file work-v4.pdb (PDB, C-alpha atoms, pLDDT in the B column)
MODEL        1
ATOM      1  CA  ILE A   1      66.517  11.733 -98.839  1.00 45.00           C
ATOM      2  CA  TYR A   2      65.007   9.062-101.078  1.00 50.00           C
ATOM      3  CA  MET A   3      61.953   7.067-100.005  1.00 54.00           C
ATOM      4  CA  ARG A   4      60.886   3.913-101.794  1.00 62.00           C
ATOM      5  CA  ARG A   5      57.387   3.998-103.222  1.00 65.00           C
ATOM      6  CA  GLY A   6      54.855   1.270-102.509  1.00 68.00           C
ATOM      7  CA  ILE A   7      56.845  -0.552 -99.818  1.00 73.00           C
ATOM      8  CA  PRO A   8      55.171  -3.992 -99.429  1.00 75.00           C
ATOM      9  CA  VAL A   9      54.062  -4.778 -95.871  1.00 77.00           C
ATOM     10  CA  SER A  10      52.119  -7.541 -94.169  1.00 79.00           C
ATOM     11  CA  ALA A  11      51.783  -8.996 -90.696  1.00 77.00           C
ATOM     12  CA  PHE A  12      52.188 -12.387 -89.116  1.00 84.00           C
ATOM     13  CA  PRO A  13      49.690 -13.858 -88.797  1.00 85.00           C
ATOM     14  CA  ALA A  14      48.087 -12.469 -91.940  1.00 84.00           C
ATOM     15  CA  ASN A  15      44.696 -12.018 -90.291  1.00 85.00           C
ATOM     16  CA  ARG A  16      46.273  -9.186 -88.262  1.00 81.00           C
ATOM     17  CA  THR A  17      47.646  -7.348 -91.315  1.00 76.00           C
ATOM     18  CA  ARG A  18      44.867  -4.781 -91.602  1.00 78.00           C
ATOM     19  CA  GLU A  19      45.219  -3.762 -87.957  1.00 79.00           C
ATOM     20  CA  GLY A  20      48.979  -3.356 -88.255  1.00 76.00           C
ATOM     21  CA  PHE A  21      48.766  -1.587 -91.601  1.00 74.00           C
ATOM     22  CA  GLU A  22      46.500   1.164 -90.284  1.00 77.00           C
ATOM     23  CA  ARG A  23      49.105   2.026 -87.654  1.00 77.00           C
ATOM     24  CA  LEU A  24      52.101   1.722 -89.979  1.00 73.00           C
ATOM     25  CA  LYS A  25      50.518   3.900 -92.668  1.00 75.00           C
ATOM     26  CA  ALA A  26      50.755   6.927 -90.399  1.00 76.00           C
ATOM     27  CA  ILE A  27      54.512   6.404 -90.085  1.00 75.00           C
ATOM     28  CA  VAL A  28      55.353   5.096 -93.575  1.00 74.00           C
ATOM     29  CA  PRO A  29      52.818   6.647 -95.976  1.00 78.00           C
ATOM     30  CA  THR A  30      54.285   4.800 -98.974  1.00 76.00           C
ATOM     31  CA  ALA A  31      53.519   1.390 -97.458  1.00 75.00           C
ATOM     32  CA  ASP A  32      51.448  -0.951 -99.635  1.00 75.00           C
ATOM     33  CA  ILE A  33      49.481  -3.763 -98.013  1.00 77.00           C
ATOM     34  CA  ARG A  34      50.119  -7.338 -99.132  1.00 79.00           C
ATOM     35  CA  ARG A  35      48.228 -10.576 -98.521  1.00 80.00           C
ATOM     36  CA  ASP A  36      50.715 -12.234 -96.151  1.00 85.00           C
ATOM     37  CA  SER A  37      54.366 -12.687 -95.238  1.00 86.00           C
ATOM     38  CA  PHE A  38      54.894 -15.036 -98.168  1.00 89.00           C
ATOM     39  CA  GLU A  39      54.115 -12.269-100.621  1.00 87.00           C
ATOM     40  CA  THR A  40      56.310  -9.667 -98.936  1.00 84.00           C
ATOM     41  CA  ASN A  41      59.225 -12.059 -98.556  1.00 86.00           C
ATOM     42  CA  PHE A  42      58.963 -13.475-102.073  1.00 88.00           C
ATOM     43  CA  GLU A  43      59.284  -9.860-103.274  1.00 84.00           C
ATOM     44  CA  ASN A  44      62.439  -9.237-101.226  1.00 81.00           C
ATOM     45  CA  MET A  45      64.421  -6.704-103.306  1.00 76.00           C
ATOM     46  CA  ASP A  46      67.861  -7.880-102.205  1.00 77.00           C
ATOM     47  CA  MET A  47      66.965 -11.417-103.249  1.00 85.00           C
ATOM     48  CA  LEU A  48      65.947 -10.116-106.689  1.00 89.00           C
ATOM     49  CA  VAL A  49      68.724  -7.640-107.520  1.00 89.00           C
ATOM     50  CA  HIS A  50      71.921  -8.566-105.663  1.00 90.00           C
ATOM     51  CA  PRO A  51      72.530 -12.230-106.612  1.00 92.00           C
ATOM     52  CA  ALA A  52      73.479 -11.994-110.286  1.00 94.00           C
ATOM     53  CA  MET A  53      75.522  -8.825-109.832  1.00 94.00           C
ATOM     54  CA  GLY A  54      77.336 -10.304-106.868  1.00 93.00           C
ATOM     55  CA  LEU A  55      78.006 -13.685-108.436  1.00 95.00           C
ATOM     56  CA  LEU A  56      79.013 -12.652-111.945  1.00 96.00           C
ATOM     57  CA  ASN A  57      81.300  -9.841-110.744  1.00 96.00           C
ATOM     58  CA  VAL A  58      83.352 -11.773-108.200  1.00 95.00           C
ATOM     59  CA  GLY A  59      86.478 -11.491-110.365  1.00 95.00           C
ATOM     60  CA  TYR A  60      85.989  -7.737-110.726  1.00 96.00           C
ATOM     61  CA  PHE A  61      85.524  -7.332-106.978  1.00 95.00           C
ATOM     62  CA  ASP A  62      88.615  -9.424-106.270  1.00 95.00           C
ATOM     63  CA  ARG A  63      90.724  -7.250-108.581  1.00 96.00           C
ATOM     64  CA  CYS A  64      89.426  -4.069-106.953  1.00 95.00           C
ATOM     65  CA  ASP A  65      90.141  -5.538-103.533  1.00 93.00           C
ATOM     66  CA  ALA A  66      93.707  -6.459-104.531  1.00 94.00           C
ATOM     67  CA  ALA A  67      94.279  -2.964-105.895  1.00 95.00           C
ATOM     68  CA  GLY A  68      92.767  -1.272-102.842  1.00 94.00           C
ATOM     69  CA  GLU A  69      90.119   0.399-104.995  1.00 94.00           C
ATOM     70  CA  PRO A  70      86.354   0.788-104.467  1.00 94.00           C
ATOM     71  CA  SER A  71      83.929  -1.058-106.736  1.00 94.00           C
ATOM     72  CA  ASP A  72      81.082   0.342-108.793  1.00 93.00           C
ATOM     73  CA  PHE A  73      78.513  -2.331-107.921  1.00 92.00           C
ATOM     74  CA  TYR A  74      75.487  -0.878-109.741  1.00 92.00           C
ATOM     75  CA  GLY A  75      77.505   0.760-112.513  1.00 93.00           C
ATOM     76  CA  ILE A  76      80.302  -1.401-113.899  1.00 93.00           C
ATOM     77  CA  GLY A  77      78.728  -4.370-112.138  1.00 94.00           C
ATOM     78  CA  ASN A  78      75.449  -3.946-114.037  1.00 95.00           C
ATOM     79  CA  THR A  79      76.057  -5.889-117.260  1.00 96.00           C
ATOM     80  CA  ALA A  80      73.986  -7.625-119.931  1.00 96.00           C
ATOM     81  CA  GLY A  81      74.805 -10.983-118.314  1.00 97.00           C
ATOM     82  CA  THR A  82      73.815  -9.929-114.806  1.00 97.00           C
ATOM     83  CA  GLY A  83      70.522  -8.607-116.154  1.00 96.00           C
ATOM     84  CA  ARG A  84      69.709 -11.846-117.969  1.00 96.00           C
ATOM     85  CA  LEU A  85      70.569 -13.998-114.966  1.00 97.00           C
ATOM     86  CA  THR A  86      68.497 -11.748-112.696  1.00 96.00           C
ATOM     87  CA  GLU A  87      65.482 -12.154-114.969  1.00 96.00           C
ATOM     88  CA  ALA A  88      65.961 -15.933-115.206  1.00 97.00           C
ATOM     89  CA  MET A  89      66.231 -16.353-111.421  1.00 96.00           C
ATOM     90  CA  ASP A  90      63.258 -14.045-110.985  1.00 95.00           C
ATOM     91  CA  ALA A  91      61.131 -16.109-113.380  1.00 96.00           C
ATOM     92  CA  GLU A  92      61.397 -19.060-110.985  1.00 97.00           C
ATOM     93  CA  ARG A  93      59.265 -17.071-108.539  1.00 95.00           C
ATOM     94  CA  ARG A  94      56.210 -17.085-110.804  1.00 96.00           C
ATOM     95  CA  PRO A  95      55.008 -20.686-110.221  1.00 97.00           C
ATOM     96  CA  VAL A  96      55.954 -20.479-106.540  1.00 96.00           C
ATOM     97  CA  CYS A  97      53.853 -17.359-106.057  1.00 94.00           C
ATOM     98  CA  ALA A  98      50.993 -19.081-107.885  1.00 95.00           C
ATOM     99  CA  ARG A  99      51.158 -22.065-105.525  1.00 96.00           C
ATOM    100  CA  TYR A 100      51.058 -19.789-102.475  1.00 94.00           C
ATOM    101  CA  GLY A 101      48.263 -17.701-103.938  1.00 91.00           C
ATOM    102  CA  VAL A 102      50.149 -14.415-103.891  1.00 90.00           C
ATOM    103  CA  ARG A 103      50.733 -11.851-106.599  1.00 87.00           C
ATOM    104  CA  TYR A 104      53.775 -12.250-108.798  1.00 91.00           C
ATOM    105  CA  ARG A 105      55.377  -9.080-110.089  1.00 89.00           C
ATOM    106  CA  PRO A 106      58.497  -9.402-112.258  1.00 93.00           C
ATOM    107  CA  VAL A 107      61.584  -7.778-110.793  1.00 93.00           C
ATOM    108  CA  LEU A 108      61.544  -5.239-113.635  1.00 94.00           C
ATOM    109  CA  GLU A 109      58.093  -4.041-112.583  1.00 91.00           C
ATOM    110  CA  HIS A 110      59.220  -4.073-108.968  1.00 87.00           C
ATOM    111  CA  ILE A 111      62.195  -1.772-109.677  1.00 89.00           C
ATOM    112  CA  ARG A 112      60.059   0.565-111.761  1.00 89.00           C
ATOM    113  CA  ASN A 113      57.444   0.814-109.011  1.00 85.00           C
ATOM    114  CA  LEU A 114      59.827   1.359-106.116  1.00 81.00           C
ATOM    115  CA  TYR A 115      62.281   3.710-107.815  1.00 84.00           C
ATOM    116  CA  GLY A 116      60.247   5.378-110.535  1.00 83.00           C
ATOM    117  CA  CYS A 117      62.647   4.520-113.360  1.00 88.00           C
ATOM    118  CA  ARG A 118      62.197   3.307-116.919  1.00 90.00           C
ATOM    119  CA  GLY A 119      63.720   0.445-118.869  1.00 93.00           C
ATOM    120  CA  GLU A 120      62.763  -2.526-121.016  1.00 95.00           C
ATOM    121  CA  THR A 121      65.157  -4.827-119.152  1.00 96.00           C
ATOM    122  CA  VAL A 122      66.451  -5.115-115.609  1.00 96.00           C
ATOM    123  CA  ARG A 123      69.816  -3.810-116.738  1.00 96.00           C
ATOM    124  CA  GLU A 124      68.235  -0.720-118.295  1.00 96.00           C
ATOM    125  CA  ALA A 125      66.046  -0.064-115.245  1.00 95.00           C
ATOM    126  CA  VAL A 126      69.018  -0.229-112.867  1.00 94.00           C
ATOM    127  CA  ARG A 127      71.047   1.971-115.211  1.00 94.00           C
ATOM    128  CA  ASN A 128      68.212   4.532-115.355  1.00 94.00           C
ATOM    129  CA  SER A 129      67.488   4.532-111.628  1.00 91.00           C
ATOM    130  CA  PRO A 130      68.533   7.812-109.954  1.00 88.00           C
ATOM    131  CA  LEU A 131      68.880   5.944-106.662  1.00 86.00           C
ATOM    132  CA  TYR A 132      71.157   3.171-107.907  1.00 88.00           C
ATOM    133  CA  GLN A 133      73.253   5.474-110.052  1.00 85.00           C
ATOM    134  CA  GLY A 134      73.506   8.044-107.283  1.00 86.00           C
ATOM    135  CA  LEU A 135      75.185   5.590-104.928  1.00 85.00           C
ATOM    136  CA  LYS A 136      78.887   6.125-104.373  1.00 85.00           C
ATOM    137  CA  PRO A 137      81.460   3.398-105.150  1.00 85.00           C
ATOM    138  CA  ILE A 138      81.624   0.902-102.297  1.00 87.00           C
ATOM    139  CA  ALA A 139      84.230  -1.318-100.692  1.00 89.00           C
ATOM    140  CA  PRO A 140      84.809  -4.280-103.055  1.00 87.00           C
ATOM    141  CA  GLY A 141      84.402  -6.838-100.284  1.00 89.00           C
ATOM    142  CA  VAL A 142      80.887  -5.734 -99.339  1.00 87.00           C
ATOM    143  CA  TRP A 143      79.396  -8.301-101.725  1.00 89.00           C
ATOM    144  CA  ARG A 144      80.409 -11.013 -99.255  1.00 91.00           C
ATOM    145  CA  SER A 145      78.300  -9.660 -96.396  1.00 90.00           C
ATOM    146  CA  TRP A 146      75.435  -8.763 -98.721  1.00 88.00           C
ATOM    147  CA  MET A 147      75.416 -12.179-100.311  1.00 90.00           C
ATOM    148  CA  LYS A 148      75.638 -14.007 -96.977  1.00 92.00           C
ATOM    149  CA  ASN A 149      72.771 -11.990 -95.499  1.00 91.00           C
ATOM    150  CA  ASP A 150      70.612 -12.293 -98.613  1.00 92.00           C
ATOM    151  CA  ILE A 151      71.156 -16.033 -98.868  1.00 94.00           C
ATOM    152  CA  HIS A 152      70.555 -16.769 -95.202  1.00 95.00           C
ATOM    153  CA  LEU A 153      67.462 -14.572 -94.872  1.00 93.00           C
ATOM    154  CA  ALA A 154      65.887 -14.783 -98.340  1.00 93.00           C
ATOM    155  CA  HIS A 155      67.163 -17.483-100.690  1.00 95.00           C
ATOM    156  CA  VAL A 156      67.256 -20.369 -98.219  1.00 96.00           C
ATOM    157  CA  PRO A 157      63.632 -19.934 -97.074  1.00 96.00           C
ATOM    158  CA  PHE A 158      62.476 -19.173-100.634  1.00 96.00           C
ATOM    159  CA  VAL A 159      64.018 -22.369-102.034  1.00 97.00           C
ATOM    160  CA  GLN A 160      62.736 -24.528 -99.196  1.00 97.00           C
ATOM    161  CA  PHE A 161      59.216 -23.092 -99.312  1.00 97.00           C
ATOM    162  CA  ALA A 162      59.225 -23.547-103.095  1.00 97.00           C
ATOM    163  CA  GLU A 163      60.209 -27.191-102.774  1.00 98.00           C
ATOM    164  CA  LEU A 164      57.655 -27.710 -99.996  1.00 97.00           C
ATOM    165  CA  ALA A 165      55.056 -26.564-102.529  1.00 97.00           C
ATOM    166  CA  GLY A 166      56.364 -29.046-105.098  1.00 97.00           C
ATOM    167  CA  GLU A 167      58.164 -26.471-107.261  1.00 98.00           C
ATOM    168  CA  THR A 168      61.792 -26.708-108.358  1.00 97.00           C
ATOM    169  CA  VAL A 169      63.916 -23.554-108.470  1.00 98.00           C
ATOM    170  CA  PRO A 170      67.291 -24.817-109.767  1.00 98.00           C
ATOM    171  CA  LEU A 171      68.865 -21.426-110.415  1.00 97.00           C
ATOM    172  CA  ASN A 172      68.096 -20.148-106.931  1.00 96.00           C
ATOM    173  CA  ARG A 173      69.177 -23.426-105.310  1.00 98.00           C
ATOM    174  CA  GLY A 174      72.359 -23.478-107.379  1.00 97.00           C
ATOM    175  CA  PHE A 175      73.098 -19.887-106.420  1.00 96.00           C
ATOM    176  CA  VAL A 176      73.116 -20.852-102.744  1.00 97.00           C
ATOM    177  CA  ASP A 177      75.455 -23.785-103.382  1.00 98.00           C
ATOM    178  CA  ILE A 178      77.894 -21.740-105.494  1.00 97.00           C
ATOM    179  CA  ALA A 179      77.908 -18.836-103.045  1.00 95.00           C
ATOM    180  CA  ASP A 180      78.589 -21.248-100.177  1.00 97.00           C
ATOM    181  CA  ALA A 181      81.627 -22.515-102.083  1.00 97.00           C
ATOM    182  CA  LEU A 182      82.871 -18.935-102.567  1.00 95.00           C
ATOM    183  CA  LEU A 183      82.203 -17.804 -99.024  1.00 95.00           C
ATOM    184  CA  GLY A 184      82.973 -20.988 -97.127  1.00 96.00           C
ATOM    185  CA  THR A 185      79.521 -20.911 -95.549  1.00 96.00           C
ATOM    186  CA  ALA A 186      76.873 -23.581 -94.909  1.00 97.00           C
ATOM    187  CA  SER A 187      73.687 -21.705 -95.681  1.00 97.00           C
ATOM    188  CA  TRP A 188      71.289 -24.647 -95.719  1.00 98.00           C
ATOM    189  CA  GLU A 189      72.215 -25.376 -92.098  1.00 97.00           C
ATOM    190  CA  ASP A 190      72.807 -21.830 -90.814  1.00 97.00           C
ATOM    191  CA  GLY A 191      70.271 -19.845 -92.812  1.00 96.00           C
ATOM    192  CA  LEU A 192      66.618 -19.181 -92.040  1.00 95.00           C
ATOM    193  CA  ASN A 193      65.556 -22.721 -92.922  1.00 97.00           C
ATOM    194  CA  LEU A 194      62.208 -24.355 -92.214  1.00 97.00           C
ATOM    195  CA  ASP A 195      63.447 -25.743 -88.909  1.00 96.00           C
ATOM    196  CA  ARG A 196      64.520 -22.324 -87.612  1.00 96.00           C
ATOM    197  CA  LEU A 197      61.209 -20.887 -88.787  1.00 93.00           C
ATOM    198  CA  GLY A 198      59.427 -23.485 -86.683  1.00 92.00           C
ATOM    199  CA  VAL A 199      57.575 -25.142 -89.580  1.00 95.00           C
ATOM    200  CA  ALA A 200      59.754 -28.190 -90.251  1.00 95.00           C
ATOM    201  CA  GLY A 201      57.559 -31.250 -90.686  1.00 94.00           C
ATOM    202  CA  MET A 202      54.500 -29.259 -91.703  1.00 95.00           C
ATOM    203  CA  SER A 203      52.716 -29.942 -94.965  1.00 95.00           C
ATOM    204  CA  PHE A 204      52.218 -27.256 -97.570  1.00 95.00           C
ATOM    205  CA  GLU A 205      48.615 -26.796 -96.464  1.00 94.00           C
ATOM    206  CA  GLN A 206      49.595 -26.532 -92.791  1.00 95.00           C
ATOM    207  CA  VAL A 207      52.223 -23.895 -93.560  1.00 94.00           C
ATOM    208  CA  ARG A 208      49.694 -21.857 -95.524  1.00 92.00           C
ATOM    209  CA  ARG A 209      47.251 -21.995 -92.610  1.00 92.00           C
ATOM    210  CA  TYR A 210      50.009 -21.091 -90.144  1.00 92.00           C
ATOM    211  CA  ALA A 211      50.879 -17.951 -92.125  1.00 89.00           C
ATOM    212  CA  GLU A 212      47.226 -16.928 -92.149  1.00 89.00           C
ATOM    213  CA  THR A 213      46.184 -17.668 -88.565  1.00 89.00           C
ATOM    214  CA  GLY A 214      49.345 -18.324 -86.543  1.00 86.00           C
ATOM    215  CA  GLU A 215      47.927 -21.700 -85.536  1.00 83.00           C
ATOM    216  CA  HIS A 216      50.813 -24.154 -85.164  1.00 76.00           C
ATOM    217  CA  ALA A 217      49.501 -27.681 -85.454  1.00 63.00           C
ATOM    218  CA  LEU A 218      51.132 -30.720 -87.068  1.00 56.00           C
TER
ENDMDL
END
call {"tool": "encode", "arguments": {"input": "work-v4.pdb", "output": "structure tokens"}}
result
Amino acid sequence: IYMRRGIPVSAFPANRTREGFERLKAIVPTADIRRDSFETNFENMDMLVHPAMGLLNVGYFDRCDAAGEPSDFYGIGNTAGTGRLTEAMDAERRPVCARYGVRYRPVLEHIRNLYGCRGETVREAVRNSPLYQGLKPIAPGVWRSWMKNDIHLAHVPFVQFAELAGETVPLNRGFVDIADALLGTASWEDGLNLDRLGVAGMSFEQVRRYAETGEHAL
């Protein structure tokens, strides 16, 4: 059994986080309190690690699928290019985190903290992670469900909250558009957008206050 270290947790609204954390700590001792749901969601691990590997290995997955063979997502799929794209997409989080007043930790630091592995780059950290490297080969088509879930639940709200704060995140926005073309999905409409979150029409300041207090006022 492998348990992640320092699992980030918060509550909604944020002013209830301490109360919830005291109860959760007894169940998940590795939990690590965060300021609010923006911080925990902007640190979503699937959003940070899956995109580049999924996108840049589509041809490899297709060939495995055609041959009826499993794919080595975190092994063969972990290349110099996927590492560089991961770091570039991750860097777009920095100014967004600054605008929302939450801590920014690079994905490399995040992987090191959660999995206790070493590496000077994302590629090296994934390659040196006992958890990632201990995973068995998986069905080649799993990237489709992973990507759809990650985009709908993480990338769509991240991009829209970034743009609400006046920040542009072209790599993350472009990733959603390209993945939609590959998957035949409409993530901006069907994902966890601002409308489905109940904050459409709010200003940046109103959204920040809503996350802190739960007060919903336009």
call {"tool": "closest_residue", "arguments": {"input": "work-v4.pdb", "among": "A:His152, A:Tyr104, A:Thr121, A:Thr82", "to": "A:Ala186", "atoms": "all atoms listed in the file"}}
result
A:His152
call {"tool": "residues_around", "arguments": {"input": "work-v4.pdb", "residues": "A:Asp180", "least_positions_apart": "3", "cutoff": "12 Å", "atoms": "all atoms listed in the file", "output": "JSON, numbers by chain"}}
result
{"A": [55, 144, 147, 148, 149, 151, 152, 156, 173, 174, 175, 176, 177, 183, 184, 185, 186, 187, 188, 189, 190, 191]}
call {"tool": "closest_residue", "arguments": {"input": "work-v4.pdb", "among": "A:Phe42, A:Phe12, A:Phe161, A:Trp143", "to": "A:Asp90", "atoms": "only C-alpha atoms"}}
result
A:Phe42
call {"tool": "closest_residue", "arguments": {"input": "work-v4.pdb", "among": "A:Ala211, A:Val122, A:Leu182, A:Leu164", "to": "A:Gly59", "atoms": "all atoms listed in the file"}}
result
A:Leu182
call {"tool": "atom_distance", "arguments": {"input": "work-v4.pdb", "atom1": "atom CA of A:Glu69", "atom2": "atom CA of A:Gly141"}}
result
10.4 Å
call {"tool": "residues_near_point", "arguments": {"input": "work-v4.pdb", "point": "(73.8, 4.3, -104.1)", "cutoff": "12 Å", "atoms": "only C-alpha atoms", "output": "ChimeraX atom specification"}}
result
/A:1-2,71-75,126-127,129-138
call {"tool": "atom_distance", "arguments": {"input": "work-v4.pdb", "atom1": "atom CA of A:Gly214", "atom2": "atom CA of A:Pro13"}}
result
5.0 Å
call {"tool": "resolve_selection", "arguments": {"input": "work-v4.pdb", "expression": "the PyMOL selection byres ((chain A and resi 123) around 12)", "output": "JSON, numbers by chain"}}
result
{"A": [49, 52, 53, 74, 75, 76, 77, 78, 79, 80, 81, 82, 83, 84, 85, 86, 87, 107, 108, 111, 112, 117, 118, 119, 120, 121, 122, 124, 125, 126, 127, 128, 129, 132, 133]}
call {"tool": "residues_near_point", "arguments": {"input": "work-v4.pdb", "point": "(58.5, -25.3, -93.8)", "cutoff": "12 Å", "atoms": "only C-alpha atoms", "output": "mmCIF file with C-alpha atoms, keeping the file's coordinate frame"}}
result
data_model
loop_
_atom_site.group_PDB
_atom_site.id
_atom_site.type_symbol
_atom_site.label_atom_id
_atom_site.label_comp_id
_atom_site.auth_asym_id
_atom_site.auth_seq_id
_atom_site.Cartn_x
_atom_site.Cartn_y
_atom_site.Cartn_z
ATOM 1 C CA PHE A 38 54.894 -15.036 -98.168
ATOM 2 C CA VAL A 156 67.256 -20.369 -98.219
ATOM 3 C CA PRO A 157 63.632 -19.934 -97.074
ATOM 4 C CA PHE A 158 62.476 -19.173 -100.634
ATOM 5 C CA VAL A 159 64.018 -22.369 -102.034
ATOM 6 C CA GLN A 160 62.736 -24.528 -99.196
ATOM 7 C CA PHE A 161 59.216 -23.092 -99.312
ATOM 8 C CA ALA A 162 59.225 -23.547 -103.095
ATOM 9 C CA GLU A 163 60.209 -27.191 -102.774
ATOM 10 C CA LEU A 164 57.655 -27.710 -99.996
ATOM 11 C CA ALA A 165 55.056 -26.564 -102.529
ATOM 12 C CA LEU A 192 66.618 -19.181 -92.040
ATOM 13 C CA ASN A 193 65.556 -22.721 -92.922
ATOM 14 C CA LEU A 194 62.208 -24.355 -92.214
ATOM 15 C CA ASP A 195 63.447 -25.743 -88.909
ATOM 16 C CA ARG A 196 64.520 -22.324 -87.612
ATOM 17 C CA LEU A 197 61.209 -20.887 -88.787
ATOM 18 C CA GLY A 198 59.427 -23.485 -86.683
ATOM 19 C CA VAL A 199 57.575 -25.142 -89.580
ATOM 20 C CA ALA A 200 59.754 -28.190 -90.251
ATOM 21 C CA GLY A 201 57.559 -31.250 -90.686
ATOM 22 C CA MET A 202 54.500 -29.259 -91.703
ATOM 23 C CA SER A 203 52.716 -29.942 -94.965
ATOM 24 C CA PHE A 204 52.218 -27.256 -97.570
ATOM 25 C CA GLU A 205 48.615 -26.796 -96.464
ATOM 26 C CA GLN A 206 49.595 -26.532 -92.791
ATOM 27 C CA VAL A 207 52.223 -23.895 -93.560
ATOM 28 C CA ARG A 208 49.694 -21.857 -95.524
ATOM 29 C CA ARG A 209 47.251 -21.995 -92.610
ATOM 30 C CA TYR A 210 50.009 -21.091 -90.144
ATOM 31 C CA ALA A 211 50.879 -17.951 -92.125
ATOM 32 C CA HIS A 216 50.813 -24.154 -85.164
ATOM 33 C CA LEU A 218 51.132 -30.720 -87.068
#
call {"tool": "closest_residue", "arguments": {"input": "work-v4.pdb", "among": "A:Arg35, A:His110, A:Lys25, A:His50", "to": "A:Asp150", "atoms": "only C-alpha atoms"}}
result
A:His50
